[in-house]
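Structure data (mmCIF, C-alpha atoms) from model.cif:
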data_work
#
loop_
_atom_site.label_atom_id
_atom_site.label_comp_id
_atom_site.auth_asym_id
_atom_site.auth_seq_id
_atom_site.Cartn_x
_atom_site.Cartn_y
_atom_site.Cartn_z
CA MET I 1447 0.00 0.00 0.00
CA SER I 1448 1.51 3.30 -1.02
CA THR I 1449 1.67 6.05 1.58
CA THR I 1450 0.03 9.28 0.48
CA LEU I 1451 1.60 12.71 0.72
CA TYR I 1452 -0.97 13.52 3.43
CA ASP I 1453 0.22 10.59 5.56
CA LYS I 1454 3.88 11.42 4.99
CA ILE I 1455 3.40 15.03 6.09
CA GLY I 1456 1.65 13.81 9.22
CA GLY I 1457 -2.08 13.83 8.44
CA GLU I 1458 -4.59 15.79 10.43
CA ALA I 1459 -2.17 16.46 13.29
CA ALA I 1460 0.15 18.19 10.82
CA VAL I 1461 -2.70 20.30 9.45
CA ASN I 1462 -3.65 21.31 12.99
CA ALA I 1463 -0.07 22.28 13.76
CA ALA I 1464 0.24 24.16 10.48
CA VAL I 1465 -2.97 26.16 10.50
CA ASP I 1466 -2.11 28.53 13.38
CA ILE I 1467 1.40 29.14 12.04
CA PHE I 1468 0.15 29.69 8.50
CA TYR I 1469 -2.76 31.95 9.44
CA ARG I 1470 -0.51 34.01 11.73
CA LYS I 1471 1.86 34.61 8.80
CA VAL I 1472 -1.04 35.57 6.53
CA LEU I 1473 -2.51 38.04 9.05
CA ALA I 1474 0.89 39.62 9.69
CA ASP I 1475 1.56 40.11 5.95
CA ASP I 1476 0.61 43.63 4.84
CA ARG I 1477 0.56 42.54 1.20
CA ILE I 1478 -2.49 40.34 1.76
CA ASN I 1479 -4.03 40.89 5.19
CA ARG I 1480 -6.55 43.43 3.89
CA PHE I 1481 -8.39 40.52 2.24
CA PHE I 1482 -8.96 39.04 5.69
CA GLU I 1483 -10.17 42.14 7.48
CA GLY I 1484 -13.61 42.09 9.03
CA VAL I 1485 -14.07 38.34 8.72
CA ASP I 1486 -14.74 36.08 11.66
CA MET I 1487 -11.35 34.68 12.61
CA GLU I 1488 -12.62 31.25 13.58
CA LYS I 1489 -14.54 30.72 10.36
CA GLN I 1490 -11.50 31.96 8.49
CA ALA I 1491 -9.21 29.55 10.35
CA ALA I 1492 -11.55 26.67 9.44
CA LYS I 1493 -11.25 27.66 5.78
CA GLN I 1494 -7.47 27.91 6.03
CA LYS I 1495 -7.49 24.43 7.49
CA ALA I 1496 -9.57 23.11 4.61
CA PHE I 1497 -7.17 24.75 2.16
CA LEU I 1498 -4.10 23.25 3.86
CA THR I 1499 -5.81 19.84 3.85
CA VAL I 1500 -6.16 20.17 0.07
CA ALA I 1501 -2.54 21.30 -0.33
CA PHE I 1502 -1.29 18.41 1.80
CA GLY I 1503 -3.11 15.95 -0.46
CA GLY I 1504 -5.63 15.13 2.26
CA PRO I 1505 -9.25 14.03 1.92
CA ASN I 1506 -11.38 16.80 0.47
CA LYS I 1507 -14.42 17.28 -1.65
CA TYR I 1508 -13.64 20.75 -2.92
CA THR I 1509 -14.00 21.28 -6.63
CA GLY I 1510 -12.52 23.96 -8.86
CA GLU I 1511 -15.98 25.50 -8.96
CA ASP I 1512 -16.02 25.76 -5.12
CA MET I 1513 -12.67 27.54 -5.24
CA ARG I 1514 -13.96 30.00 -7.85
CA ARG I 1515 -17.16 30.74 -6.00
CA GLY I 1516 -15.40 31.03 -2.65
CA HIS I 1517 -12.89 33.61 -3.87
CA ALA I 1518 -14.98 35.62 -6.37
CA HIS I 1519 -15.62 38.41 -3.85
CA LEU I 1520 -11.86 38.70 -3.24
CA VAL I 1521 -11.08 38.77 -6.96
CA ALA I 1522 -13.57 41.66 -7.16
CA LYS I 1523 -11.48 43.40 -4.50
CA GLY I 1524 -8.32 43.00 -6.56
CA LEU I 1525 -6.98 39.56 -5.61
CA ASN I 1526 -4.27 38.70 -8.16
CA ASP I 1527 -1.17 36.58 -8.82
CA SER I 1528 1.04 38.61 -6.48
CA HIS I 1529 -1.28 37.80 -3.57
CA PHE I 1530 -1.42 34.14 -4.52
CA ASP I 1531 2.40 34.14 -4.62
CA ALA I 1532 2.48 35.56 -1.10
CA VAL I 1533 0.23 32.76 0.17
CA MET I 1534 2.46 30.21 -1.58
CA GLU I 1535 5.45 31.68 0.26
CA HIS I 1536 3.68 31.24 3.58
CA ILE I 1537 2.78 27.62 2.86
CA GLY I 1538 6.42 26.87 2.14
CA ALA I 1539 7.66 28.76 5.20
CA THR I 1540 5.09 27.07 7.45
CA LEU I 1541 6.10 23.58 6.34
CA THR I 1542 9.79 24.47 6.67
CA GLU I 1543 9.12 25.65 10.21
CA LEU I 1544 7.49 22.27 10.93
CA ASN I 1545 10.60 20.48 9.61
CA VAL I 1546 8.78 18.86 6.69
CA PRO I 1547 11.36 17.52 4.17
CA GLY I 1548 11.91 19.64 1.05
CA ASP I 1549 10.57 17.10 -1.46
CA LEU I 1550 7.25 16.88 0.41
CA ILE I 1551 7.05 20.68 0.58
CA ALA I 1552 7.53 20.76 -3.19
CA GLN I 1553 4.68 18.28 -3.67
CA ALA I 1554 2.36 20.27 -1.40
CA ALA I 1555 3.32 23.49 -3.18
CA ALA I 1556 2.51 21.88 -6.53
CA ILE I 1557 -0.98 20.92 -5.34
CA ALA I 1558 -1.59 24.43 -3.95
CA GLU I 1559 -0.28 25.90 -7.21
CA SER I 1560 -2.79 23.82 -9.17
CA THR I 1561 -5.65 25.79 -7.57
CA ARG I 1562 -4.26 29.15 -8.77
CA ASN I 1563 -6.49 29.68 -11.80
CA ASP I 1564 -9.65 28.69 -9.94
CA VAL I 1565 -8.82 30.87 -6.93
CA LEU I 1566 -8.08 33.85 -9.17
CA GLY I 1567 -11.10 33.20 -11.39
CA LYS I 1568 -9.03 32.85 -14.56
CA MET F 1201 -29.09 0.54 14.66
CA ALA F 1202 -28.90 3.83 16.57
CA LYS F 1203 -31.88 6.12 16.67
CA VAL F 1204 -31.48 9.87 16.37
CA ARG F 1205 -34.21 12.13 17.71
CA PHE F 1206 -34.39 15.60 16.23
CA ASP F 1207 -37.14 18.20 16.37
CA GLY F 1208 -39.82 15.73 17.48
CA HIS F 1209 -39.02 13.05 14.90
CA THR F 1210 -37.00 9.84 15.19
CA TYR F 1211 -34.56 8.83 12.46
CA GLU F 1212 -32.82 5.49 11.96
CA CYS F 1213 -29.08 5.90 11.56
CA GLY F 1214 -27.52 3.10 9.48
CA ALA F 1215 -24.20 1.49 10.46
CA GLN F 1216 -22.15 3.45 7.93
CA GLN F 1217 -24.36 6.51 8.02
CA SER F 1218 -23.55 9.86 9.63
CA VAL F 1219 -26.13 11.76 11.65
CA LEU F 1220 -26.00 14.43 8.94
CA ASP F 1221 -26.86 11.90 6.22
CA ALA F 1222 -29.53 10.20 8.32
CA LEU F 1223 -31.29 13.51 8.99
CA THR F 1224 -30.91 15.15 5.59
CA ALA F 1225 -31.96 11.94 3.76
CA HIS F 1226 -35.38 12.51 5.29
CA GLY F 1227 -35.47 16.19 4.54
CA ALA F 1228 -34.39 17.60 7.91
CA PRO F 1229 -32.90 21.05 7.25
CA ILE F 1230 -29.37 20.66 8.66
CA PRO F 1231 -26.81 23.12 7.29
CA SER F 1232 -23.61 21.58 5.92
CA SER F 1233 -20.74 22.42 3.65
CA CYS F 1234 -17.50 20.40 3.58
CA ARG F 1235 -19.03 17.20 5.03
CA GLN F 1236 -15.63 16.09 6.29
CA GLY F 1237 -15.34 17.55 9.76
CA VAL F 1238 -13.60 20.76 8.85
CA CYS F 1239 -15.96 23.67 8.21
CA GLN F 1240 -18.17 23.13 11.29
CA ALA F 1241 -21.28 24.25 9.39
CA CYS F 1242 -23.14 21.14 10.63
CA LEU F 1243 -22.45 21.84 14.32
CA MET F 1244 -25.17 20.28 16.51
CA GLN F 1245 -25.65 19.60 20.20
CA ALA F 1246 -26.54 16.28 21.82
CA LEU F 1247 -29.22 16.89 24.45
CA CYS F 1248 -29.35 13.20 25.42
CA GLY F 1249 -26.64 10.61 24.82
CA GLN F 1250 -22.91 11.04 24.29
CA PRO F 1251 -21.64 11.84 20.78
CA PRO F 1252 -18.60 9.73 19.70
CA ALA F 1253 -15.20 11.37 20.31
CA GLN F 1254 -14.48 11.35 16.56
CA SER F 1255 -17.38 13.75 15.98
CA GLN F 1256 -15.88 16.25 18.45
CA ASN F 1257 -12.40 16.30 16.91
CA ASN F 1258 -10.96 19.80 16.94
CA LEU F 1259 -13.96 21.44 18.54
CA LYS F 1260 -13.20 23.88 21.30
CA ASP F 1261 -13.07 22.39 24.79
CA THR F 1262 -16.06 24.44 25.86
CA LEU F 1263 -18.13 23.05 22.96
CA LYS F 1264 -17.05 19.48 23.76
CA GLU F 1265 -18.10 19.93 27.38
CA GLN F 1266 -21.56 20.92 26.22
CA ASN F 1267 -21.81 17.84 23.96
CA TYR F 1268 -21.58 19.76 20.72
CA PHE F 1269 -20.50 17.64 17.75
CA LEU F 1270 -20.21 17.69 13.97
CA ALA F 1271 -23.13 15.83 12.38
CA CYS F 1272 -21.11 14.90 9.27
CA SER F 1273 -18.53 12.93 11.27
CA CYS F 1274 -20.93 11.51 13.85
CA TYR F 1275 -21.53 7.76 13.51
CA PRO F 1276 -23.48 7.07 16.70
CA GLU F 1277 -23.16 3.77 18.54
CA SER F 1278 -26.12 4.51 20.80
CA ASP F 1279 -29.24 6.66 20.62
CA LEU F 1280 -28.92 10.44 20.55
CA THR F 1281 -31.31 13.33 20.92
CA VAL F 1282 -29.88 16.24 19.00
CA ALA F 1283 -30.61 19.89 18.24
CA LEU F 1284 -29.22 22.68 16.13
CA PRO F 1285 -27.40 25.36 18.14
CA ASP F 1286 -30.15 27.94 17.70
CA GLN F 1287 -32.99 25.59 18.66
CA ILE F 1288 -32.24 25.67 22.34
CA LYS F 1289 -34.64 28.24 23.66
CA ALA F 1290 -35.82 26.88 26.98
CA ARG F 1291 -37.31 29.54 29.20
CA ALA F 1292 -37.36 29.72 32.97
CA LYS F 1293 -38.87 31.97 35.61
CA ALA F 1294 -36.63 33.92 37.94
CA THR F 1295 -37.29 36.30 40.81
CA VAL F 1296 -35.29 39.48 41.26
CA ARG F 1297 -33.52 39.38 44.63
CA GLY F 1298 -31.95 42.78 44.26
CA VAL F 1299 -30.50 45.43 41.98
CA ASP F 1300 -27.20 46.80 43.34
CA VAL F 1301 -25.40 49.89 42.11
CA LEU F 1302 -21.83 49.02 41.03
CA ASN F 1303 -20.99 52.45 39.60
CA ALA F 1304 -22.78 55.38 37.95
CA GLU F 1305 -23.66 53.34 34.85
CA ILE F 1306 -23.65 49.70 35.88
CA VAL F 1307 -25.90 47.73 38.24
CA ARG F 1308 -25.70 44.14 39.38
CA VAL F 1309 -28.98 42.22 39.03
CA ARG F 1310 -29.34 39.25 41.35
CA LEU F 1311 -31.85 36.63 40.20
CA TYR F 1312 -33.18 33.62 42.06
CA CYS F 1313 -34.26 30.60 40.01
CA PRO F 1314 -36.61 28.18 41.80
CA LEU F 1315 -35.51 25.51 39.30
CA PRO F 1316 -31.72 25.69 39.45
CA LEU F 1317 -30.28 26.82 36.13
CA ASP F 1318 -27.57 24.59 34.67
CA TYR F 1319 -24.80 27.01 33.71
CA ARG F 1320 -21.11 27.80 33.78
CA ALA F 1321 -19.71 31.10 35.01
CA GLY F 1322 -19.12 33.27 31.92
CA GLN F 1323 -22.00 31.90 29.85
CA TYR F 1324 -24.91 34.22 29.08
CA ILE F 1325 -28.68 34.20 29.39
CA ASN F 1326 -31.36 36.19 27.64
CA LEU F 1327 -33.43 38.33 29.98
CA PHE F 1328 -36.93 39.09 28.67
CA ARG F 1329 -38.68 42.38 29.31
CA ASP F 1330 -41.73 41.00 27.48
CA GLU F 1331 -42.54 38.28 24.91
CA THR F 1332 -40.40 39.75 22.14
CA LEU F 1333 -38.02 42.16 23.82
CA MET F 1334 -34.92 40.65 25.38
CA ARG F 1335 -31.19 41.18 25.74
CA SER F 1336 -28.27 38.87 26.47
CA TYR F 1337 -26.32 39.29 29.71
CA SER F 1338 -23.30 37.34 30.88
CA LEU F 1339 -23.26 35.45 34.16
CA ALA F 1340 -20.80 36.83 36.72
CA SER F 1341 -21.89 34.34 39.37
CA VAL F 1342 -20.36 30.92 39.98
CA PRO F 1343 -22.72 27.94 40.37
CA GLY F 1344 -22.47 26.36 43.79
CA SER F 1345 -20.76 29.32 45.43
CA ASP F 1346 -23.19 32.12 44.57
CA ALA F 1347 -26.78 31.34 45.51
CA ASP F 1348 -28.17 33.65 42.82
CA LEU F 1349 -27.46 34.48 39.19
CA HIS F 1350 -25.51 37.73 38.88
CA LEU F 1351 -25.69 40.00 35.82
CA HIS F 1352 -23.87 43.30 35.29
CA VAL F 1353 -26.05 45.66 33.30
CA ARG F 1354 -24.72 48.88 31.82
CA ARG F 1355 -27.32 51.51 31.12
CA LEU F 1356 -27.27 52.28 27.40
CA PRO F 1357 -28.64 55.50 25.88
CA GLN F 1358 -32.28 54.76 24.96
CA GLY F 1359 -31.71 51.17 26.10
CA ARG F 1360 -35.18 49.63 26.18
CA VAL F 1361 -34.11 46.73 28.37
CA SER F 1362 -31.17 48.27 30.25
CA GLY F 1363 -33.21 51.43 30.98
CA TRP F 1364 -36.07 49.28 32.28
CA ILE F 1365 -33.65 47.30 34.47
CA HIS F 1366 -32.06 50.46 35.88
CA GLU F 1367 -35.28 52.37 36.48
CA GLU F 1368 -38.07 49.88 37.07
CA LEU F 1369 -36.79 46.45 38.04
CA ARG F 1370 -37.18 45.86 41.80
CA ALA F 1371 -36.60 43.04 44.27
CA GLY F 1372 -39.53 40.63 44.15
CA ASP F 1373 -40.29 41.14 40.43
CA GLU F 1374 -40.62 38.00 38.35
CA VAL F 1375 -38.86 37.80 34.97
CA ASP F 1376 -38.39 35.27 32.17
CA ILE F 1377 -34.89 34.13 31.29
CA SER F 1378 -33.49 31.68 28.74
CA ALA F 1379 -31.25 28.72 29.37
CA ALA F 1380 -27.54 29.54 29.66
CA MET F 1381 -25.67 29.67 26.37
CA GLY F 1382 -22.23 30.39 25.02
CA GLY F 1383 -18.77 28.91 25.18
CA CYS F 1384 -16.82 31.54 27.09
CA PHE F 1385 -16.12 29.72 30.37
CA TYR F 1386 -13.36 27.99 32.33
CA VAL F 1387 -12.53 24.41 31.37
CA PRO F 1388 -10.73 22.38 34.05
CA GLY F 1389 -8.02 19.90 33.14
CA ASN F 1390 -5.06 22.11 32.26
CA ASP F 1391 -4.51 23.85 35.56
CA GLU F 1392 -0.95 25.04 34.87
CA GLN F 1393 -1.94 27.03 31.77
CA GLY F 1394 -1.66 30.82 31.89
CA LEU F 1395 -5.02 32.59 31.67
CA LEU F 1396 -5.23 36.11 30.26
CA LEU F 1397 -8.53 37.87 30.92
CA ILE F 1398 -9.19 41.17 29.16
CA GLY F 1399 -12.44 43.10 29.47
CA THR F 1400 -13.85 46.58 29.04
CA GLY F 1401 -16.87 48.08 30.78
CA SER F 1402 -19.48 45.52 31.82
CA GLY F 1403 -17.42 42.93 29.91
CA LEU F 1404 -16.00 42.33 33.38
CA ALA F 1405 -19.11 40.25 34.21
CA PRO F 1406 -18.12 36.97 32.49
CA LEU F 1407 -14.48 37.46 33.50
CA TYR F 1408 -15.42 37.94 37.15
CA GLY F 1409 -17.25 34.60 36.96
CA ILE F 1410 -14.53 32.78 35.01
CA LEU F 1411 -11.81 34.08 37.33
CA ARG F 1412 -13.52 32.93 40.51
CA ASP F 1413 -14.51 29.63 38.91
CA ALA F 1414 -10.86 28.97 37.97
CA LEU F 1415 -9.58 29.91 41.44
CA GLN F 1416 -12.16 27.75 43.17
CA ARG F 1417 -11.30 24.78 40.98
CA GLY F 1418 -7.67 25.14 42.05
CA HIS F 1419 -6.18 26.59 38.88
CA ARG F 1420 -2.45 26.92 39.59
CA GLY F 1421 -1.10 28.69 36.49
CA PRO F 1422 -0.87 32.50 36.36
CA ILE F 1423 -4.19 34.34 35.95
CA LYS F 1424 -3.98 37.95 34.79
CA LEU F 1425 -7.07 40.15 34.62
CA TYR F 1426 -7.01 43.52 32.84
CA HIS F 1427 -10.17 45.58 33.18
CA GLY F 1428 -10.26 48.78 31.18
CA SER F 1429 -12.29 51.95 30.90
CA ARG F 1430 -11.80 55.63 30.12
CA SER F 1431 -11.80 56.73 33.76
CA ALA F 1432 -11.22 55.05 37.11
CA GLN F 1433 -14.82 55.90 38.11
CA GLU F 1434 -16.14 53.70 35.27
CA LEU F 1435 -14.36 50.62 36.62
CA TYR F 1436 -16.07 48.61 39.36
CA LEU F 1437 -15.49 45.74 41.81
CA VAL F 1438 -11.99 47.21 42.13
CA ASP F 1439 -11.73 46.58 45.88
CA GLU F 1440 -13.11 43.04 45.58
CA LEU F 1441 -10.61 42.21 42.83
CA ARG F 1442 -7.67 43.73 44.72
CA GLU F 1443 -8.69 41.65 47.71
CA LEU F 1444 -8.87 38.45 45.59
CA ALA F 1445 -5.38 39.22 44.23
CA ALA F 1446 -4.05 39.67 47.76
CA ARG F 1447 -5.41 36.23 48.70
CA HIS F 1448 -4.25 34.33 45.59
CA GLY F 1449 -0.55 34.43 44.70
CA ASN F 1450 -1.18 33.35 41.08
CA PHE F 1451 -3.77 36.06 40.36
CA VAL F 1452 -2.79 39.56 39.22
CA TYR F 1453 -5.41 42.27 38.74
CA THR F 1454 -4.62 45.37 36.69
CA PRO F 1455 -7.29 48.06 36.37
CA CYS F 1456 -6.52 50.15 33.26
CA VAL F 1457 -7.57 53.74 32.49
CA SER F 1458 -7.30 54.96 28.89
CA GLY F 1459 -8.22 58.60 29.65
CA ALA F 1460 -5.90 61.38 30.84
CA ASP F 1461 -6.58 61.21 34.57
CA VAL F 1462 -4.89 58.05 35.87
CA PRO F 1463 -4.92 57.78 39.68
CA PRO F 1464 -2.20 55.85 41.52
CA GLY F 1465 -2.84 52.10 41.47
CA PHE F 1466 -4.25 52.16 37.92
CA ALA F 1467 -2.31 51.41 34.71
CA PRO F 1468 -2.42 54.03 31.94
CA GLY F 1469 -3.62 52.84 28.54
CA ARG F 1470 -6.12 50.51 26.93
CA ALA F 1471 -6.57 47.14 28.61
CA THR F 1472 -5.35 45.06 25.64
CA SER F 1473 -2.24 47.20 25.12
CA VAL F 1474 -1.36 47.06 28.81
CA ALA F 1475 -1.97 43.28 28.84
CA LEU F 1476 0.21 42.58 25.81
CA ALA F 1477 2.97 44.85 27.07
CA GLY F 1478 2.98 42.74 30.24
CA THR F 1479 2.86 39.39 28.43
CA PRO F 1480 4.15 39.90 24.88
CA ASN F 1481 4.42 36.16 24.15
CA LEU F 1482 1.12 34.32 24.56
CA THR F 1483 2.30 30.95 23.26
CA GLY F 1484 0.51 28.32 25.34
CA TRP F 1485 -1.80 30.86 27.02
CA ARG F 1486 -5.57 30.84 27.05
CA ALA F 1487 -7.23 34.20 26.48
CA TYR F 1488 -10.75 35.34 27.42
CA LEU F 1489 -11.82 38.58 25.75
CA CYS F 1490 -15.04 40.32 26.71
CA GLY F 1491 -16.57 43.68 26.02
CA HIS F 1492 -17.20 45.97 23.08
CA PRO F 1493 -17.19 43.96 19.81
CA ASP F 1494 -14.56 46.23 18.20
CA MET F 1495 -12.26 45.76 21.18
CA VAL F 1496 -12.93 42.01 21.24
CA ASN F 1497 -12.19 41.55 17.54
CA ALA F 1498 -9.04 43.65 17.63
CA SER F 1499 -7.84 41.87 20.77
CA LYS F 1500 -8.57 38.45 19.27
CA LYS F 1501 -6.24 39.24 16.40
CA GLN F 1502 -3.57 40.71 18.68
CA ALA F 1503 -3.70 37.72 21.03
CA PHE F 1504 -3.42 35.34 18.08
CA LEU F 1505 -0.50 37.24 16.55
CA ALA F 1506 1.16 37.22 20.00
CA GLY F 1507 1.19 33.42 19.83
CA ALA F 1508 -2.07 32.24 21.43
CA SER F 1509 -3.57 29.31 19.54
CA MET F 1510 -6.95 29.98 17.91
CA LYS F 1511 -8.44 27.16 19.99
CA ASP F 1512 -7.33 28.93 23.16
CA ILE F 1513 -8.98 32.27 22.41
CA TYR F 1514 -12.45 32.65 23.90
CA ALA F 1515 -14.57 35.67 23.19
CA ASP F 1516 -17.90 36.95 24.40
CA PRO F 1517 -20.32 37.33 22.69
CA PHE F 1518 -19.91 33.84 21.38
CA VAL F 1519 -20.74 33.37 17.69
CA LEU F 1520 -21.38 29.88 16.38
CA SER F 1521 -19.73 29.41 13.02
CA GLY F 1522 -22.10 28.45 10.27
CA ALA F 1523 -25.17 28.94 12.44
#
Full structure transcribed into structure tokens:
Amino acid sequence: MSTTLYDKIGGEAAVNAAVDIFYRKVLADDRINRFFEGVDMEKQAAKQKAFLTVAFGGPNKYTGEDMRRGHAHLVAKGLNDSHFDAVMEHIGATLTELNVPGDLIAQAAAIAESTRNDVLGK
Amino acid sequence: MAKVRFDGHTYECGAQQSVLDALTAHGAPIPSSCRQGVCQACLMQALCGQPPAQSQNNLKDTLKEQNYFLACSCYPESDLTVALPDQIKARAKATVRGVDVLNAEIVRVRLYCPLPLDYRAGQYINLFRDETLMRSYSLASVPGSDADLHLHVRRLPQGRVSGWIHEELRAGDEVDISAAMGGCFYVPGNDEQGLLLIGTGSGLAPLYGILRDALQRGHRGPIKLYHGSRSAQELYLVDELRELAARHGNFVYTPCVSGADVPPGFAPGRATSVALAGTPNLTGWRAYLCGHPDMVNASKKQAFLAGASMKDIYADPFVLSGA
């Protein structure tokens, strides 16, 4: 039985460890934190967790259409590639902080990258 | 096969079927989104029976204690009676024992319930002026040690309920109240953890309850309470809190004044700023934030950025995600 990326990274425990670190980086980043102003932090953290679960290759039922619908209001506010790049940076930095090996970080980054066009409504 | 009772109906829950699927298959209107235990849109509460641990994964401790669970990841092994978070509207009668002046704007209402109310210090109840007019007030009393329910009510300009409480409510009056709600309370089990309590105005009410609950349950970690207002006159229970601090070595009380006139014994500045200057690294701490929504939201973010985990930040008023 082959071990999935999600298992190798550490499964749900890894997502739980990552979500606070990741969200803290996002909120502290002046390039992107305006997109998170005025939202309920707990609901937002739950969404971040869902996103990290996707990026880590974990079980999810999100479709490209969900990603488009979920981010349309942010695209209307100017969400673009530079902001997506910033989030990608934070995913990498979060996993590095958690001592995840580089090849697994690259795989997670590739999955996150694959959502770019849907997130940005392209 | 486990039976699930919801809203007066009984549903059969198959072996591989979640409570969410069992209910929605028969048209019960349960909100849901991710269906995999992440988004918490399908949050429900078990009124009878114990939900499986798996269905409470990653819920806040205070929600777990109240038997909240996620319907999508709940595969019950025994019968459950369940409700949506906003369906719990039980009403009770209470008698006013007294209305005490705490300062120029805030009174303490003491209520006696003939049928003891099941609550935790820091939760809130709705107090009804009439059938349709009610407001939520936090519980400053501690079950078991205070005989009555204590509410701190600030008089608001044109407040239809707070004005009525301040001007008309008298000892002996009978009022309707709801069951206790909310997840801003002390959870035993981690008694070395640091507790940071920040409140403004009558936001002291839940903190006063949580603080005394924690002390009575033998909490040993540091407990720091910061109560803020514009002037020293707008703070209250100052002497009582100073006295508690003198009796408990692990409790520090800091009254904060954001206005210009700061008397000796009071810290200058806003409560959250003073608190974070005193404890800049909140990694591993639990924070309780109560008061004006703008202050609560700003403080939530500051506490999180200072290192507190999202699961350890409790705010009043409590908002159920997805509800």
List as a Markdown table every residue of chain F that is in contact with chain I, defined as an atom at most 9 Å from one of its atoms (using only C-alpha atoms), together with the nearest atom pair and the distance in Å rounded to one decimal, sorted by chain and then rising number.
| residue | atom | partner | partner_atom | distance |
| --- | --- | --- | --- | --- |
| F:Cys1234 | CA | I:Lys1507 | CA | 6.8 |
| F:Arg1235 | CA | I:Lys1507 | CA | 8.1 |
| F:Gln1236 | CA | I:Asn1506 | CA | 7.2 |
| F:Val1238 | CA | I:Ala1492 | CA | 6.3 |
| F:Cys1239 | CA | I:Ala1492 | CA | 5.5 |
| F:Gln1240 | CA | I:Ala1492 | CA | 7.7 |
| F:Asn1258 | CA | I:Asn1462 | CA | 8.4 |
| F:Asn1497 | CA | I:Asp1486 | CA | 8.4 |
| F:Lys1500 | CA | I:Met1487 | CA | 8.1 |
| F:Lys1501 | CA | I:Met1487 | CA | 7.8 |
| F:Phe1504 | CA | I:Arg1470 | CA | 7.1 |
| F:Leu1505 | CA | I:Arg1470 | CA | 5.8 |
| F:Gly1507 | CA | I:Arg1470 | CA | 8.3 |
| F:Ala1508 | CA | I:Asp1466 | CA | 8.9 |
| F:Ser1509 | CA | I:Asp1466 | CA | 6.4 |
| F:Met1510 | CA | I:Asp1466 | CA | 6.8 |
| F:Lys1511 | CA | I:Glu1488 | CA | 8.7 |
| F:Val1519 | CA | I:Asp1486 | CA | 8.9 |
| F:Ser1521 | CA | I:Lys1489 | CA | 6.0 |
| F:Gly1522 | CA | I:Lys1489 | CA | 7.9 |
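Atom CA of Gly1214 of chain F lies 11.5 Å from atom CA of Ser1278 of chain F.
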- Task: Would you kindly translate the PyMOL selection byres ((chain I and resi 1477-1481) around 12) into the concrete residues it picks from this file, as a PyMOL selection string?
- Result: (chain I and resi 1469-1476+1482-1485+1490+1517-1536) or (chain F and resi 1501)
To verify the selection step, state as a compact mmCIF listing (two decimals) with C-alpha atoms, in the coordinates of the input which residues the PyMOL selection byres ((chain F and resi 1245) around 6) yields on this input.
# COMPACT_ATOMS: atom_id res chain seq x y z
CA MET F 1244 -25.17 20.28 16.51
CA ALA F 1246 -26.54 16.28 21.82
CA ASN F 1267 -21.81 17.84 23.96
CA TYR F 1268 -21.58 19.76 20.72
CA VAL F 1282 -29.88 16.24 19.00
CA ALA F 1283 -30.61 19.89 18.24
* Residues in the PyMOL selection byres ((chain F and resi 1455-1457) around 7), expressed as JSON, numbers by chain -> {"F": [1426, 1427, 1428, 1429, 1430, 1431, 1432, 1453, 1454, 1458, 1459, 1462, 1466, 1467, 1468, 1469, 1470, 1471]}
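When all atoms listed in the file are used to compute distances to Tyr1488 of chain F, the closest of the residues F:Ala1475, F:Leu1396, F:Ala1414, F:Ala1445 turns out to be F:Leu1396.
Counting all atoms listed in the file, segment 1379-1381 of chain F has the following residues at most 6 Å away, ignoring those fewer than 6 positions along the same chain: Ala1290, Tyr1319, Gln1323, Tyr1324 and Ile1325 of chain F.
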Shortest contact to Val1461 of chain I, candidates I:Ala1554, I:Leu1498, I:Ile1537, I:Leu1566, atoms counted only C-alpha atoms, goes to I:Leu1498
Quiz prompt | Spatial sel., origin (-12.6, 28.7, -7.3), limit 8 Å, all atoms listed in the file, listed as an NGL selection string | solution = :I and (1509-1518 or 1561 or 1563-1567)
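A straight line drawn from atom CA of Gln1217 of chain F to atom CA of Leu1243 of chain F is 16.7 Å long.
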In Å and to one decimal, atom CA of Val1387 of chain F is distant from atom CA of Leu1317 of chain F by 18.5 Å
Close residues, Ala1506 of chain F itself excluded, 7 Å, all atoms listed in the file, min 4 positions apart in chain, as JSON, numbers by chain: {"F": [1480, 1481, 1482, 1502]}
Restore N, CA and C atoms in segment 1500-1505 of chain F and list the result as a PDB file, in the frame of the given file.
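Saved result, selection_17.pdb, follows:
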ATOM      1  N   LYS F1500      -8.665  39.830  19.746  1.00  0.00           N
ATOM      2  CA  LYS F1500      -8.570  38.450  19.270  1.00  0.00           C
ATOM      3  C   LYS F1500      -7.380  38.317  18.329  1.00  0.00           C
ATOM      4  N   LYS F1501      -7.314  39.260  17.395  1.00  0.00           N
ATOM      5  CA  LYS F1501      -6.240  39.240  16.400  1.00  0.00           C
ATOM      6  C   LYS F1501      -4.891  39.452  17.092  1.00  0.00           C
ATOM      7  N   GLN F1502      -4.839  40.424  18.009  1.00  0.00           N
ATOM      8  CA  GLN F1502      -3.570  40.710  18.680  1.00  0.00           C
ATOM      9  C   GLN F1502      -3.104  39.514  19.515  1.00  0.00           C
ATOM     10  N   ALA F1503      -4.060  38.868  20.202  1.00  0.00           N
ATOM     11  CA  ALA F1503      -3.700  37.720  21.030  1.00  0.00           C
ATOM     12  C   ALA F1503      -3.182  36.574  20.154  1.00  0.00           C
ATOM     13  N   PHE F1504      -3.836  36.395  19.009  1.00  0.00           N
ATOM     14  CA  PHE F1504      -3.420  35.340  18.080  1.00  0.00           C
ATOM     15  C   PHE F1504      -2.024  35.625  17.524  1.00  0.00           C
ATOM     16  N   LEU F1505      -1.816  36.887  17.104  1.00  0.00           N
ATOM     17  CA  LEU F1505      -0.500  37.240  16.550  1.00  0.00           C
ATOM     18  C   LEU F1505       0.579  37.152  17.630  1.00  0.00           C
TER      19      LEU F1505
END
